[in-house]
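A.B. asks: Handing you a structure now.
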Amino acid sequence: PVSKDKDALSTVAPYACQRQTPLIHHNSKITDALEILGKAASFQGSEVRSLAFARAASVLKSLPCKLQSIEEAKNLVWCGGHCQTVIQEILEDGVCHEVEVLKNSEQYQCMELLTSIFGVGVRTAERWYNDGVRKLSDLADLHIKLTAEQKAGIEHYTDLKQPVTRDEAERVESLITRALDRFVPGLRITMTGGFRRGKQQGHDVDFLITHPDEEALNGLLEKSVNWMDSQGLLLYHHTKARSHVQTRRRSTHMDGHETCYAIFALPNHDSLKAESGDFTSSGACRWRAVRVDLVVAPYEEYPYALLGWTGSKHFERELRRFSWHEKNLSLNSHGLYNVEKECSIPATSEEEIFVLLGLQYVPPPYRNA
Ligand code: TTP
Ligand code: MN
Ligand code: MN
Ligand code: MN
């Protein structure tokens with residue numbers, strides 16, 4: 001078995017979309033450390049270094065066994081000198097000094113706190129940090145100007161910080177299914193994102209919505225979101241209109257689907273009982289805030305949208321990089337384009353997209369790259 005494992009270590013495919021990456025893997029101590037280094041690099045504005053750590057972490061997540069010695073890591077693709085040092089330290093001491101120092105630094109902790117607010121990216125967090133923000137209450141004390149999104153994110157911070165469980169995700173699903181059904185019957189509504197990859201909890205719940213009749217989708221999101229709002233189910237919502245993405249260029253990370261970014265007031269399991277007068281504890285909260293993303297895709301783009309919104313983010317990034325560099329095709333969540341022939345390539349399923357790319361199919365639970 002030793003030689004078999006050694007073989008597996010030196011033959012890891014270079015692109016994450018060529019590998020199977022399960023949710024639970026054997027090297028999480030090392031990947032946690034590499035991901036902290038990657039996050040710190042992105043906090044410092046270095047996307048290149050951040051990506052290098054993400055790639056190395058992703059390779060380790062796909063290994064069939066736990067790394068036993070630094071020798072085994074020597075031939076791993078994307079694991080350069082810096083990563084080797086991290087791996088060696090963790091194998092020998094159980095911790096990596098550089099990571100421990102980072103984790104305990106004020107800047108890292110503040111950036112982690114600020115970027116965890118809904119509507120706050122690295123740039124904003126950095127600006128606030130430089131303005132002297134160290135804790136959430138500083139935002140008000142220092143009279144920091146906030147967007148509506150950020151205000152909602154701060155107002156519901158404690159709820160949103162608490163992971164969404166699968167049970168909660170399913171309750172959100174039945175709520176939105178009922179709401180959308182009022183306007184258009186026969187919609188296909190799919191829970192995407194981390195839950196589709198088999199995660200038991202998430203930072204939000206993502207849904208992809210489509211219908212064979214494209215006309216049926218016109219105005220659907222606006223109508224159903226307004227209805228849910230009128231029912232008191234929404235604490236915040238912002239809808240981005242459908243936009244025409246530059247399809248013939250190299251695909252960007254963002255897509256142009258009509259999307260609603262929302263915070264739901266998800267009623268508790270027992271809130272119906274409570275409403276009928278059966279209070280057990282007075283003052284108990286009857287709902288909790290949950291982040292929800294709703295994406296509408298035209299039927300012919302659905303397989304591409306499904307692939308694009310299932311993730312993981314790194315898996316998506318790698319799929320696009322593979323398509324571009326290995327197949328000369330531009331992939332995004334709207335379609336696949338032959339840039340030379342200036343034509344798009346239709347697909348009716350995710351499986352078909354993998355075939356078009358000459359890749360072995362990777363089922364969602366193995367896209368946790
Ligand atoms: P997230 O909801 O951010 O992440 P997640 O569901 O994988 O994990 P979590 O439990 O933290 O919620 O993103 C879901 C997928 O959607 C991810 O693959 C990235 C993708 N996506 C966007 O977020 N924005 C876009 O514009 C596109 C095209 C895809
Ligand atoms: Mn998600
Ligand atoms: Mn999301
Ligand atoms: Mn409203």
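Labels for the structure tokens follow display order: chains A, B, ..., residues from 1 in each chain, ligands from 1.
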For Tyr15 of chain A, list every protein, DNA or RNA residue within 7 Å, evaluated using only C-alpha atoms, and leave out those in the same chain fewer than 2 positions away; present the list as a compact mmCIF listing (two decimals) with N, CA and C atoms, in the first residue's frame.
C.D. replies:
```txt
# COMPACT_ATOMS: atom_id res chain seq x y z
N ALA A 13 -3.36 15.39 -10.49
CA ALA A 13 -3.58 16.21 -11.68
C ALA A 13 -3.47 17.69 -11.33
N CYS A 17 -10.27 20.72 -11.27
CA CYS A 17 -11.43 20.14 -11.95
C CYS A 17 -11.10 18.78 -12.57
N GLN A 18 -9.83 18.38 -12.49
CA GLN A 18 -9.42 17.04 -12.96
C GLN A 18 -9.33 16.06 -11.79
N GLU A 318 -10.82 26.99 -11.27
CA GLU A 318 -10.00 26.01 -11.97
C GLU A 318 -10.66 25.50 -13.25
N PHE A 322 -8.89 25.90 -16.73
CA PHE A 322 -8.68 24.72 -17.57
C PHE A 322 -9.27 24.96 -18.97
```
A.B. asks: Each residue of segment 179-264 of chain A lying at most 8 Å from segment 287-311 of chain A should get a row with its shortest atom-to-atom pair and the distance in Å to one decimal, counting only C-alpha atoms; could you produce that, ordered by chain and increasing number, as a Markdown table?
C.D. replies:
```
| residue | atom | partner | partner_atom | distance |
| --- | --- | --- | --- | --- |
| A:Thr192 | CA | A:Thr310 | CA | 4.9 |
| A:Gly193 | CA | A:Thr310 | CA | 4.2 |
| A:Gly194 | CA | A:Thr310 | CA | 6.7 |
| A:Arg196 | CA | A:Thr310 | CA | 6.5 |
| A:Arg197 | CA | A:Thr310 | CA | 7.0 |
| A:His203 | CA | A:Arg291 | CA | 7.2 |
| A:Asp204 | CA | A:Arg291 | CA | 4.6 |
| A:Val205 | CA | A:Val292 | CA | 4.8 |
| A:Asp206 | CA | A:Asp293 | CA | 4.7 |
| A:Phe207 | CA | A:Leu294 | CA | 5.0 |
| A:Leu208 | CA | A:Val295 | CA | 4.8 |
| A:Ile209 | CA | A:Val296 | CA | 4.8 |
| A:Thr210 | CA | A:Ala297 | CA | 5.5 |
| A:His211 | CA | A:Tyr299 | CA | 5.8 |
| A:Pro212 | CA | A:Tyr299 | CA | 5.4 |
| A:Asp213 | CA | A:Tyr299 | CA | 7.5 |
| A:Glu214 | CA | A:Pro298 | CA | 6.0 |
| A:Leu217 | CA | A:Val296 | CA | 7.7 |
| A:Leu221 | CA | A:Val296 | CA | 7.6 |
| A:Leu235 | CA | A:Ala289 | CA | 7.5 |
| A:His257 | CA | A:Ala297 | CA | 6.1 |
| A:Glu258 | CA | A:Val296 | CA | 5.4 |
| A:Thr259 | CA | A:Val295 | CA | 4.5 |
| A:Cys260 | CA | A:Leu294 | CA | 5.0 |
| A:Tyr261 | CA | A:Asp293 | CA | 4.8 |
| A:Ala262 | CA | A:Val292 | CA | 5.2 |
| A:Ile263 | CA | A:Arg291 | CA | 4.5 |
| A:Phe264 | CA | A:Val290 | CA | 5.1 |
```
A.B. asks: As a quick test: using only C-alpha atoms and all ligand atoms, which residues lie no more than 7 Å away from ligand 4? Give them as a PyMOL selection string.
C.D. replies: chain A and resi 226+229+237
A.B. asks: Please dump the current selection as an mmCIF file, in the first residue's frame; keep N, CA and C atoms.
C.D. replies:
```cif
data_model
loop_
_atom_site.group_PDB
_atom_site.id
_atom_site.type_symbol
_atom_site.label_atom_id
_atom_site.label_comp_id
_atom_site.auth_asym_id
_atom_site.auth_seq_id
_atom_site.Cartn_x
_atom_site.Cartn_y
_atom_site.Cartn_z
ATOM 1 N N ASN A 226 -41.130 40.981 -3.726
ATOM 2 C CA ASN A 226 -42.037 41.963 -3.131
ATOM 3 C C ASN A 226 -43.119 41.298 -2.290
ATOM 4 N N ASP A 229 -41.594 40.143 0.908
ATOM 5 C CA ASP A 229 -41.366 41.344 1.711
ATOM 6 C C ASP A 229 -42.664 41.745 2.411
ATOM 7 N N HIS A 237 -33.220 43.108 1.049
ATOM 8 C CA HIS A 237 -33.097 42.491 -0.265
ATOM 9 C C HIS A 237 -32.605 43.519 -1.264
#
```
A.B. asks: Skipping near chain neighbours, those fewer than 2 positions away, what residues fall within 9 Å of Ser50 of chain A using only C-alpha atoms, listed as a VMD selection string?
C.D. replies: chain A and resid 35 37 to 43 45 to 48 52 to 55
A.B. asks: From the set A:Val225, A:Leu266, A:Leu220, A:Met191, which residue has the shortest atom-to-atom contact distance to ligand 2, counting only C-alpha atoms and all ligand atoms?
C.D. replies: A:Met191
A.B. asks: How many Å lie between atom CA of Val122 of chain A and atom 23 (O, counted along the ligand's line) of ligand 1, rounded to one decimal?
C.D. replies: 15.5 Å
A.B. asks: Which is closer to Ala140 of chain A than all the others in A:Ile154, A:Leu180, A:Leu357, A:Ser62, using only C-alpha atoms?
C.D. replies: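 Selected residue with least distance to Ala140 of chain A: A:Ile154.
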A.B. asks: Within segment 158-312 of chain A, find each residue whose DSSP state, derived from the backbone, is alpha helix (DSSP H), and express the selection as a count of residues only.
C.D. replies: 49
A.B. asks: Compare A:Ala169, A:Cys285, A:Val120, A:Ala16 by their minimum atom-to-atom distance to His314 of chain A, counting only C-alpha atoms, and give me the closest one.
C.D. replies: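 Selected residue with least distance to His314 of chain A: A:Ala16.
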A.B. asks: Counting only C-alpha atoms and all ligand atoms, figure out which residue out of A:Arg321, A:Lys240, A:His25, A:Arg166 gets nearest to ligand 2.
C.D. replies: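 Checking each of A:Arg321, A:Lys240, A:His25, A:Arg166 against ligand 2, counting only C-alpha atoms and all ligand atoms, the winner is A:Arg166.
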A.B. asks: Using backbone DSSP assignments, extract all strand (DSSP E or B) residues from segment 132-270 of chain A; output them as a VMD selection string.
C.D. replies: chain A and resid 164 to 165 188 to 191 201 to 202 205 to 210 234 to 240 258 to 267
A.B. asks: Of the candidates A:Ala179, A:Ile345, A:Val164, A:Ala125, which shows the shortest atom-to-atom distance to ligand 1, using only C-alpha atoms and all ligand atoms?
C.D. replies: A:Val164
A.B. asks: In terms of the shortest atom-to-atom distance over only C-alpha atoms and all ligand atoms, which of A:Arg320, A:Arg188, A:Arg178, A:Lys61 is closest to ligand 1?
C.D. replies: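 Among A:Arg320, A:Arg188, A:Arg178, A:Lys61, it is A:Arg320 that comes nearest to ligand 1.
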